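Listing of query_10.txt; format and content: compact mmCIF, C-alpha atoms and all ligand atoms.
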```
# COMPACT_ATOMS: atom_id res chain seq x y z
CA MET A 1 25.46 8.38 -19.27
CA ASP A 2 23.13 9.80 -21.90
CA LYS A 3 19.90 11.36 -20.75
CA ASP A 4 17.39 9.00 -22.37
CA VAL A 5 15.10 7.63 -19.67
CA ALA A 6 11.91 5.56 -19.96
CA ILE A 7 9.26 5.12 -17.32
CA LEU A 8 6.67 2.35 -17.45
CA GLY A 9 3.55 2.97 -15.36
CA LEU A 10 1.94 6.35 -14.81
CA GLY A 11 -0.36 5.70 -11.86
CA THR A 12 -0.50 7.66 -8.62
CA MET A 13 3.25 7.31 -8.11
CA GLY A 14 4.65 6.92 -11.65
CA GLY A 15 2.88 10.06 -12.89
CA GLY A 16 4.57 12.29 -10.31
CA MET A 17 7.93 10.59 -10.78
CA ALA A 18 7.75 11.12 -14.55
CA ALA A 19 6.93 14.82 -14.12
CA ASN A 20 10.06 15.28 -11.98
CA LEU A 21 12.23 13.52 -14.56
CA LEU A 22 10.98 15.94 -17.20
CA LYS A 23 11.58 18.89 -14.87
CA ALA A 24 15.18 17.72 -14.35
CA GLY A 25 15.77 17.80 -18.12
CA PHE A 26 15.84 14.10 -18.97
CA SER A 27 14.68 13.08 -22.41
CA LEU A 28 11.71 11.01 -21.30
CA THR A 29 9.67 8.29 -22.95
CA VAL A 30 6.56 7.15 -21.11
CA TYR A 31 4.39 4.06 -21.36
CA ASN A 32 1.11 3.33 -19.61
CA ARG A 33 -1.42 0.56 -20.29
CA THR A 34 -4.16 3.20 -20.21
CA PRO A 35 -2.70 5.78 -22.61
CA GLU A 36 -4.96 8.66 -21.48
CA LYS A 37 -2.96 8.99 -18.25
CA ALA A 38 0.07 10.08 -20.29
CA GLN A 39 -1.53 13.16 -21.84
CA ALA A 40 -0.34 15.79 -19.33
CA LEU A 41 3.21 14.44 -19.58
CA ILE A 42 3.09 14.46 -23.39
CA ASP A 43 1.92 18.08 -23.21
CA SER A 44 4.98 18.80 -21.03
CA GLY A 45 7.42 17.26 -23.52
CA ALA A 46 7.44 13.47 -22.92
CA ARG A 47 7.36 11.04 -25.85
CA PHE A 48 4.64 8.39 -25.66
CA ALA A 49 5.44 4.80 -26.52
CA SER A 50 2.55 2.52 -27.34
CA THR A 51 4.32 -0.58 -25.95
CA PRO A 52 6.90 -1.17 -23.19
CA ALA A 53 9.25 -2.55 -25.88
CA GLU A 54 9.08 0.73 -27.80
CA ALA A 55 9.67 2.73 -24.60
CA ALA A 56 12.76 0.77 -23.62
CA ALA A 57 14.41 0.58 -27.04
CA LYS A 58 16.49 3.77 -26.81
CA ALA A 59 16.68 4.34 -23.06
CA SER A 60 19.82 4.01 -20.94
CA VAL A 61 17.70 3.77 -17.78
CA VAL A 62 14.26 2.11 -17.71
CA ILE A 63 12.15 2.58 -14.58
CA SER A 64 8.94 0.72 -13.83
CA MET A 65 6.29 1.76 -11.32
CA LEU A 66 3.50 -0.81 -11.55
CA ALA A 67 0.88 -2.34 -9.30
CA ASP A 68 2.29 -5.76 -8.42
CA ASP A 69 4.26 -8.84 -9.55
CA ALA A 70 1.73 -9.67 -12.28
CA ALA A 71 1.80 -6.15 -13.75
CA SER A 72 5.58 -6.06 -13.61
CA ARG A 73 5.83 -9.45 -15.33
CA GLU A 74 3.43 -8.30 -18.06
CA VAL A 75 5.29 -5.05 -18.74
CA TRP A 76 8.84 -6.47 -18.66
CA MET A 77 8.26 -9.90 -20.16
CA GLY A 78 4.81 -10.00 -21.76
CA GLN A 79 4.07 -9.60 -25.44
CA HIS A 80 5.94 -6.38 -26.47
CA GLY A 81 7.58 -6.37 -23.03
CA ALA A 82 10.43 -3.98 -22.28
CA LEU A 83 13.01 -6.76 -21.98
CA SER A 84 12.58 -7.59 -25.66
CA THR A 85 14.35 -4.37 -26.66
CA VAL A 86 16.66 -3.35 -23.79
CA ARG A 87 20.22 -2.94 -24.98
CA GLU A 88 23.38 -4.25 -23.36
CA GLY A 89 24.40 -1.92 -20.52
CA THR A 90 20.89 -0.59 -19.93
CA ILE A 91 20.01 -0.10 -16.28
CA LEU A 92 16.59 -1.41 -15.23
CA VAL A 93 15.06 0.07 -12.09
CA GLU A 94 12.10 -1.85 -10.65
CA SER A 95 10.45 0.65 -8.28
CA SER A 96 7.13 -1.13 -7.83
CA THR A 97 6.50 -2.88 -4.51
CA VAL A 98 7.01 -6.44 -5.66
CA SER A 99 8.19 -9.70 -4.13
CA PRO A 100 11.90 -10.49 -3.82
CA ALA A 101 11.15 -13.78 -5.61
CA TRP A 102 9.95 -11.87 -8.66
CA ILE A 103 13.00 -9.58 -8.51
CA ALA A 104 15.25 -12.65 -8.64
CA GLU A 105 13.39 -14.01 -11.68
CA LEU A 106 13.49 -10.67 -13.46
CA ALA A 107 17.22 -10.37 -12.77
CA THR A 108 17.91 -13.69 -14.47
CA VAL A 109 16.38 -12.50 -17.72
CA ALA A 110 17.92 -9.00 -17.40
CA THR A 111 21.37 -10.56 -17.04
CA GLN A 112 20.84 -12.68 -20.16
CA LYS A 113 20.24 -9.41 -22.02
CA GLY A 114 23.38 -7.79 -20.57
CA ALA A 115 21.30 -5.30 -18.58
CA ALA A 116 21.74 -4.49 -14.88
CA LEU A 117 18.76 -4.59 -12.55
CA LEU A 118 18.22 -2.54 -9.40
CA ASP A 119 15.27 -3.13 -7.10
CA ALA A 120 14.40 0.34 -5.88
CA PRO A 121 10.96 0.55 -4.28
CA VAL A 122 10.05 3.80 -2.60
CA THR A 123 8.67 5.20 0.61
CA GLY A 124 6.53 8.31 0.43
CA SER A 125 3.17 8.61 -1.24
CA ARG A 126 1.42 10.72 -3.88
CA MET A 127 2.65 14.07 -2.47
CA GLN A 128 6.27 12.93 -2.17
CA ALA A 129 6.17 11.50 -5.70
CA GLU A 130 4.84 14.81 -7.04
CA GLY A 131 7.32 16.83 -4.98
CA GLY A 132 10.43 14.78 -5.86
CA GLN A 133 10.76 13.82 -2.18
CA LEU A 134 10.65 10.02 -2.30
CA SER A 135 13.12 7.74 -0.53
CA PHE A 136 14.50 4.93 -2.70
CA LEU A 137 15.31 1.63 -0.95
CA VAL A 138 17.83 0.05 -3.25
CA GLY A 139 19.22 -3.42 -3.80
CA GLY A 140 21.83 -4.15 -6.44
CA ASP A 141 25.43 -3.46 -7.31
CA ASP A 142 27.30 -0.19 -6.79
CA VAL A 143 28.22 0.33 -10.43
CA ALA A 144 24.60 0.20 -11.60
CA LEU A 145 23.44 2.36 -8.72
CA ASN A 146 26.11 4.99 -9.36
CA ALA A 147 25.08 5.16 -13.01
CA ALA A 148 21.37 5.48 -12.10
CA THR A 149 21.89 7.95 -9.26
CA PRO A 150 21.36 11.18 -11.26
CA VAL A 151 18.02 9.79 -12.45
CA LEU A 152 16.93 8.62 -8.98
CA LYS A 153 18.04 11.94 -7.45
CA ALA A 154 15.61 13.84 -9.67
CA MET A 155 12.72 12.04 -7.93
CA SER A 156 13.93 11.76 -4.36
CA LYS A 157 15.32 13.26 -1.21
CA GLU A 158 17.19 10.10 -0.25
CA ILE A 159 18.70 6.99 -1.80
CA VAL A 160 19.41 4.18 0.68
CA HIS A 161 21.58 1.36 -0.65
CA LEU A 162 20.60 -1.64 1.47
CA GLY A 163 22.74 -4.36 -0.12
CA PRO A 164 22.62 -6.86 -2.97
CA LEU A 165 19.73 -7.34 -5.37
CA GLY A 166 16.47 -8.02 -3.51
CA SER A 167 17.45 -5.98 -0.44
CA GLY A 168 15.25 -3.04 -1.43
CA ALA A 169 12.23 -5.28 -2.02
CA LYS A 170 12.70 -7.01 1.36
CA MET A 171 13.08 -3.71 3.22
CA LYS A 172 9.99 -2.27 1.54
CA LEU A 173 7.84 -5.26 2.60
CA ILE A 174 9.02 -4.96 6.20
CA ASN A 175 8.22 -1.23 6.09
CA ASN A 176 4.74 -1.80 4.67
CA PHE A 177 4.04 -4.67 7.07
CA LEU A 178 4.43 -2.20 9.94
CA CYS A 179 2.37 0.45 8.08
CA GLY A 180 -0.45 -1.94 7.17
CA VAL A 181 -0.77 -3.30 10.68
CA GLN A 182 -0.82 0.22 12.11
CA VAL A 183 -3.54 1.38 9.71
CA ALA A 184 -5.65 -1.71 10.47
CA SER A 185 -5.22 -1.32 14.24
CA LEU A 186 -6.07 2.37 13.95
CA ALA A 187 -9.29 1.44 12.12
CA GLU A 188 -10.26 -0.77 15.05
CA GLY A 189 -9.10 1.76 17.65
CA LEU A 190 -10.96 4.65 16.07
CA THR A 191 -14.16 2.62 15.67
CA TRP A 192 -13.86 1.80 19.38
CA ILE A 193 -13.31 5.48 20.24
CA GLU A 194 -16.36 6.48 18.17
CA ARG A 195 -18.59 3.96 20.02
CA SER A 196 -17.14 4.60 23.47
CA GLY A 197 -18.70 7.97 24.19
CA LEU A 198 -15.25 9.63 24.30
CA ASP A 199 -14.73 12.94 22.53
CA VAL A 200 -13.10 11.77 19.24
CA GLU A 201 -10.95 14.85 18.77
CA LYS A 202 -9.61 14.77 22.32
CA ALA A 203 -8.97 11.02 22.18
CA LEU A 204 -7.05 11.32 18.90
CA ALA A 205 -5.02 14.23 20.28
CA VAL A 206 -3.94 11.98 23.20
CA LEU A 207 -2.87 9.21 20.80
CA LYS A 208 -1.05 11.56 18.42
CA ALA A 209 0.93 13.20 21.23
CA GLY A 210 1.61 9.92 23.03
CA ALA A 211 3.65 6.80 22.38
CA PRO A 212 1.41 5.46 19.55
CA GLY A 213 1.73 8.75 17.63
CA SER A 214 3.42 8.52 14.20
CA PRO A 215 3.23 10.41 10.90
CA LEU A 216 1.04 7.58 9.58
CA LEU A 217 -1.36 7.63 12.54
CA GLY A 218 -1.67 11.42 12.21
CA ALA A 219 -2.35 11.41 8.47
CA ILE A 220 -4.65 8.38 8.36
CA SER A 221 -6.73 9.34 11.41
CA THR A 222 -7.40 12.73 9.78
CA ARG A 223 -8.63 11.00 6.61
CA MET A 224 -10.71 8.47 8.55
CA THR A 225 -12.47 11.13 10.63
CA ALA A 226 -13.10 13.27 7.51
CA HIS A 227 -14.29 10.21 5.54
CA ASP A 228 -11.82 11.40 2.87
CA TYR A 229 -10.93 8.36 0.80
CA SER A 230 -9.50 10.14 -2.26
CA VAL A 231 -6.53 8.01 -3.28
CA ASN A 232 -3.03 8.43 -1.94
CA PHE A 233 -2.48 4.70 -1.50
CA LEU A 234 -4.98 2.26 -2.97
CA LEU A 235 -6.59 -0.06 -0.43
CA ARG A 236 -6.07 -3.13 -2.64
CA LEU A 237 -2.34 -2.40 -2.87
CA MET A 238 -1.97 -2.60 0.91
CA ALA A 239 -3.66 -6.03 0.90
CA LYS A 240 -1.12 -7.06 -1.76
CA ASP A 241 1.85 -5.72 0.24
CA LEU A 242 0.76 -7.61 3.37
CA LEU A 243 0.42 -10.84 1.40
CA TYR A 244 3.90 -10.45 -0.10
CA ALA A 245 5.24 -9.62 3.38
CA GLU A 246 3.72 -12.82 4.82
CA GLU A 247 5.22 -14.90 2.02
CA GLU A 248 8.65 -13.30 2.34
CA ALA A 249 8.79 -13.53 6.14
CA ALA A 250 7.85 -17.22 5.88
CA HIS A 251 11.16 -17.76 4.02
CA CYS A 252 12.84 -16.59 7.25
CA ASN A 253 10.57 -18.83 9.37
CA VAL A 254 8.65 -15.85 10.71
CA ASP A 255 4.90 -16.24 10.87
CA LEU A 256 3.37 -12.78 10.38
CA LYS A 257 0.13 -13.28 12.28
CA MET A 258 -0.34 -9.51 12.60
CA ALA A 259 -0.04 -9.10 8.81
CA GLU A 260 -2.57 -11.88 8.26
CA ALA A 261 -5.07 -10.25 10.62
CA ALA A 262 -4.55 -6.82 9.05
CA ARG A 263 -4.83 -8.26 5.54
CA SER A 264 -8.19 -9.81 6.38
CA LEU A 265 -9.50 -6.33 7.25
CA PHE A 266 -8.22 -4.88 3.95
CA GLU A 267 -9.62 -7.83 1.98
CA THR A 268 -13.01 -7.50 3.69
CA ALA A 269 -13.06 -3.80 2.77
CA ALA A 270 -12.03 -4.61 -0.82
CA ALA A 271 -14.84 -7.20 -1.07
CA LYS A 272 -17.27 -4.49 0.05
CA GLY A 273 -16.37 -2.33 -2.95
CA LEU A 274 -13.60 -0.22 -1.38
CA ALA A 275 -10.62 -1.69 -3.31
CA GLU A 276 -10.18 1.44 -5.44
CA LYS A 277 -10.46 3.84 -2.46
CA ASP A 278 -7.62 5.03 -0.27
CA MET A 279 -6.42 2.46 2.29
CA SER A 280 -7.90 4.60 5.07
CA ALA A 281 -11.34 3.36 3.93
CA VAL A 282 -10.48 0.09 5.72
CA ILE A 283 -12.39 1.55 8.69
CA GLU A 284 -15.76 1.63 6.91
CA PRO A 285 -16.77 -2.05 7.26
CA LEU A 286 -15.89 -1.83 10.97
CA ARG A 287 -18.03 1.28 11.40
CA SER A 288 -21.00 -0.37 9.74
CA SER A 289 -20.65 -3.69 11.61
CA LYS A 290 -22.93 -4.28 14.56
P1 LIG B 1 -1.63 2.77 -9.29
O1 LIG B 1 -2.02 4.17 -9.26
O2 LIG B 1 -2.66 1.71 -9.19
O3 LIG B 1 -0.80 2.51 -10.64
C1 LIG B 1 -0.50 1.19 -11.03
C2 LIG B 1 0.16 1.18 -12.39
O4 LIG B 1 0.33 -0.19 -12.81
C3 LIG B 1 -0.66 1.87 -13.49
O5 LIG B 1 0.23 2.46 -14.41
C4 LIG B 1 -1.39 0.68 -14.12
O6 LIG B 1 -1.80 0.92 -15.44
C5 LIG B 1 -0.28 -0.36 -14.09
N1 LIG B 1 -0.78 -1.72 -14.23
C6 LIG B 1 -1.54 -2.42 -13.35
N2 LIG B 1 -1.77 -3.67 -13.82
C7 LIG B 1 -1.17 -3.74 -15.04
C8 LIG B 1 -1.03 -4.76 -16.00
N3 LIG B 1 -1.55 -6.00 -15.82
N4 LIG B 1 -0.33 -4.49 -17.14
C9 LIG B 1 0.21 -3.27 -17.32
N5 LIG B 1 0.16 -2.25 -16.44
C10 LIG B 1 -0.53 -2.49 -15.30
O7 LIG B 1 -0.54 2.44 -8.16
P2 LIG B 1 0.54 3.43 -7.48
O8 LIG B 1 -0.05 3.97 -6.24
O9 LIG B 1 1.12 4.32 -8.52
O10 LIG B 1 1.61 2.34 -7.00
C11 LIG B 1 2.58 1.81 -7.89
C12 LIG B 1 3.49 0.88 -7.07
O11 LIG B 1 4.14 1.63 -6.03
C13 LIG B 1 2.74 -0.25 -6.35
O12 LIG B 1 3.55 -1.40 -6.34
C14 LIG B 1 2.53 0.30 -4.95
O13 LIG B 1 2.38 -0.75 -4.00
C15 LIG B 1 3.80 1.09 -4.76
N6 LIG B 1 3.72 2.24 -3.82
C16 LIG B 1 2.63 3.05 -3.78
C17 LIG B 1 2.60 4.14 -2.91
C18 LIG B 1 1.43 5.07 -2.81
O14 LIG B 1 1.36 5.81 -1.80
N7 LIG B 1 0.51 5.10 -3.73
C19 LIG B 1 3.72 4.39 -2.11
C20 LIG B 1 4.84 3.57 -2.20
C21 LIG B 1 4.84 2.50 -3.08
P3 LIG B 1 -3.26 1.53 -15.74
O15 LIG B 1 -3.11 3.01 -15.54
O16 LIG B 1 -3.55 1.14 -17.12
O17 LIG B 1 -4.21 0.91 -14.74
```
Write-out of the structure in structure tokens:
Amino acid sequence: MDKDVAILGLGTMGGGMAANLLKAGFSLTVYNRTPEKAQALIDSGARFASTPAEAAAKASVVISMLADDAASREVWMGQHGALSTVREGTILVESSTVSPAWIAELATVATQKGAALLDAPVTGSRMQAEGGQLSFLVGGDDVALNAATPVLKAMSKEIVHLGPLGSGAKMKLINNFLCGVQVASLAEGLTWIERSGLDVEKALAVLKAGAPGSPLLGAISTRMTAHDYSVNFLLRLMAKDLLYAEEEAAHCNVDLKMAEAARSLFETAAAKGLAEKDMSAVIEPLRSSK
């Protein structure tokens, strides 16, 4: 495999992933709708493409790391979309958290172009993206995954092949369903602690050391108590993930009532102007409610 890689989307996650690809010695072309976000990568040796089509034209692996289904559709299939120039044999890696239904649609067009698609969303957040410590949850065939592995390895500590195309997207939504519900329930629990007269620090220490304790509870409770909403994971993206989870689970006749309840908290917070804050800001409307 030659070393020409393109990455589409340089947000919180894509920016860190791109920096690790450069560090690993790949010849990297980057595209982002807002070009300013590419400057540091250009300074470090990346080529900038002004359209997704231009970015994908020479690459043997094209990765996308975009907000949602609509962004992914725009970048792959919109005017000047990447699929207009991908060559036969190119491997497309969709790493955004998107719906399995969109992955299936994207695969149909990729196949018409003779390209192979992997769905490879990630776990880990800003720090893991910057540190090359993500976990890829992959769906797709072995041949494509083997060919893409050197590229994925440069950004990750783990590559989990879950099965055929769509398996990574499904797994990611299940993962984020559990995360979203835990963050929402923590927001309620911490608001309750704060109003109860308990010592907040002692109460959180009990939860962290006890059965409810998890890496997520530890990290998010620290941010909530510090009122630190600098972005690791955008609040509006968690609302999106819960919606996609509800839709996907419905295909398996599972009614995600917990996801629906959690999503209403995230959507309320987004409507109150917190959409562009970290998801831990979901606690603020609860704190200010009577
Ligand atoms: P982000 O910082 O909001 O970046 C989103 C990217 O999508 C940006 O490059 C943005 O371009 C682009 N974009 C959005 N709408 C677009 C459109 N209509 N057309 C073209 N480009 C568009 O999000 P992120 O945190 O990097 O997350 C990226 C994906 O990874 C999401 O699916 C998210 O759910 C998932 N994820 C995030 C985390 C995390 O901790 N942050 C962890 C795991 C997975 P602009 O720069 O021009 O806005």
- Query: Need the neighbours of (2.9, -9.8, 3.5): which residues are at most 12 Å away, counting all atoms listed in the file, as a VMD selection string?
  - Reply: chain A and resid 97 to 100 169 to 181 237 to 251 254 to 264
Write a file of the just-selected residues containing C-alpha atoms, as a short mmCIF file (atom, residue, chain, number, x, y, z; two decimals), in the coordinates of the input.
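Everything below was put into result-v2.cif:
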```
data_model
loop_
_atom_site.label_atom_id
_atom_site.label_comp_id
_atom_site.auth_asym_id
_atom_site.auth_seq_id
_atom_site.Cartn_x
_atom_site.Cartn_y
_atom_site.Cartn_z
CA THR A 97 6.50 -2.88 -4.51
CA VAL A 98 7.01 -6.44 -5.66
CA SER A 99 8.19 -9.70 -4.13
CA PRO A 100 11.90 -10.49 -3.82
CA ALA A 169 12.23 -5.28 -2.02
CA LYS A 170 12.70 -7.01 1.36
CA MET A 171 13.08 -3.71 3.22
CA LYS A 172 9.99 -2.27 1.54
CA LEU A 173 7.84 -5.26 2.60
CA ILE A 174 9.02 -4.96 6.20
CA ASN A 175 8.22 -1.23 6.09
CA ASN A 176 4.74 -1.80 4.67
CA PHE A 177 4.04 -4.67 7.07
CA LEU A 178 4.43 -2.20 9.94
CA CYS A 179 2.37 0.45 8.08
CA GLY A 180 -0.45 -1.94 7.17
CA VAL A 181 -0.77 -3.30 10.68
CA LEU A 237 -2.34 -2.40 -2.87
CA MET A 238 -1.97 -2.60 0.91
CA ALA A 239 -3.66 -6.03 0.90
CA LYS A 240 -1.12 -7.06 -1.76
CA ASP A 241 1.85 -5.72 0.24
CA LEU A 242 0.76 -7.61 3.37
CA LEU A 243 0.42 -10.84 1.40
CA TYR A 244 3.90 -10.45 -0.10
CA ALA A 245 5.24 -9.62 3.38
CA GLU A 246 3.72 -12.82 4.82
CA GLU A 247 5.22 -14.90 2.02
CA GLU A 248 8.65 -13.30 2.34
CA ALA A 249 8.79 -13.53 6.14
CA ALA A 250 7.85 -17.22 5.88
CA HIS A 251 11.16 -17.76 4.02
CA VAL A 254 8.65 -15.85 10.71
CA ASP A 255 4.90 -16.24 10.87
CA LEU A 256 3.37 -12.78 10.38
CA LYS A 257 0.13 -13.28 12.28
CA MET A 258 -0.34 -9.51 12.60
CA ALA A 259 -0.04 -9.10 8.81
CA GLU A 260 -2.57 -11.88 8.26
CA ALA A 261 -5.07 -10.25 10.62
CA ALA A 262 -4.55 -6.82 9.05
CA ARG A 263 -4.83 -8.26 5.54
CA SER A 264 -8.19 -9.81 6.38
#
```
- Let me have all residues with an atom within 6 Å of ligand LIG 1 (chain B), counting all atoms listed in the file, laid out as a count of residues only. 26
- Task: Pick out the residues sitting within 10 Å of range 15-24 of chain A, and hand them over as a PyMOL selection string; count only C-alpha atoms, and ignore anything fewer than 3 positions along from it in its own chain.
- Result: chain A and resi 5-12+27-30+32+37-38+40-41+44-46+63+65+125-134+150-156
- Which neighbours of Gly168 in chain A fall inside 7 Å, counting only C-alpha atoms, when residues of the same chain fewer than 3 positions from it are skipped, and could you give them as a list in words? Asp119, Ala120, Pro121, Leu137, Val138, Gly139, Leu162, Met171 and Lys172 of chain A
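In this structure, CA of Arg287 in chain A sits 12.7 Å away from CA of Thr268 in chain A.
The space separating CA of Val282 in chain A from CA of Met224 in chain A comes to 8.8 Å.
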- Task: Taking the point (13.5, -2.4, -25.3) as given in the file, collect each protein or nucleic acid residue that comes within 8 Å of it, counting all atoms listed in the file, and present the set as a ChimeraX atom specification.
- Result: /A:52-59,81-87
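Each of A:Leu118, A:Trp76, A:Val206, A:Ser280 was compared to Gly163 in chain A using all atoms listed in the file, and A:Leu118 turns out to be the nearest.
Of the residues under consideration (A:Ala187, A:Ala144, A:Ile220, A:Val62), A:Ala187 shows the shortest atom-to-atom contact distance to Ala269 in chain A when counting only C-alpha atoms.
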- Find the distance between CA of Thr51 in chain A and CA of Val231 in chain A and write it in Å to one decimal. 26.6 Å
- Message: Please list as a VMD selection string every residue within 7 Å of Thr90 in chain A, counting all atoms listed in the file and excluding residues in the same chain fewer than 4 positions away.
- Response: chain A and resid 60 to 61 86 115 to 116
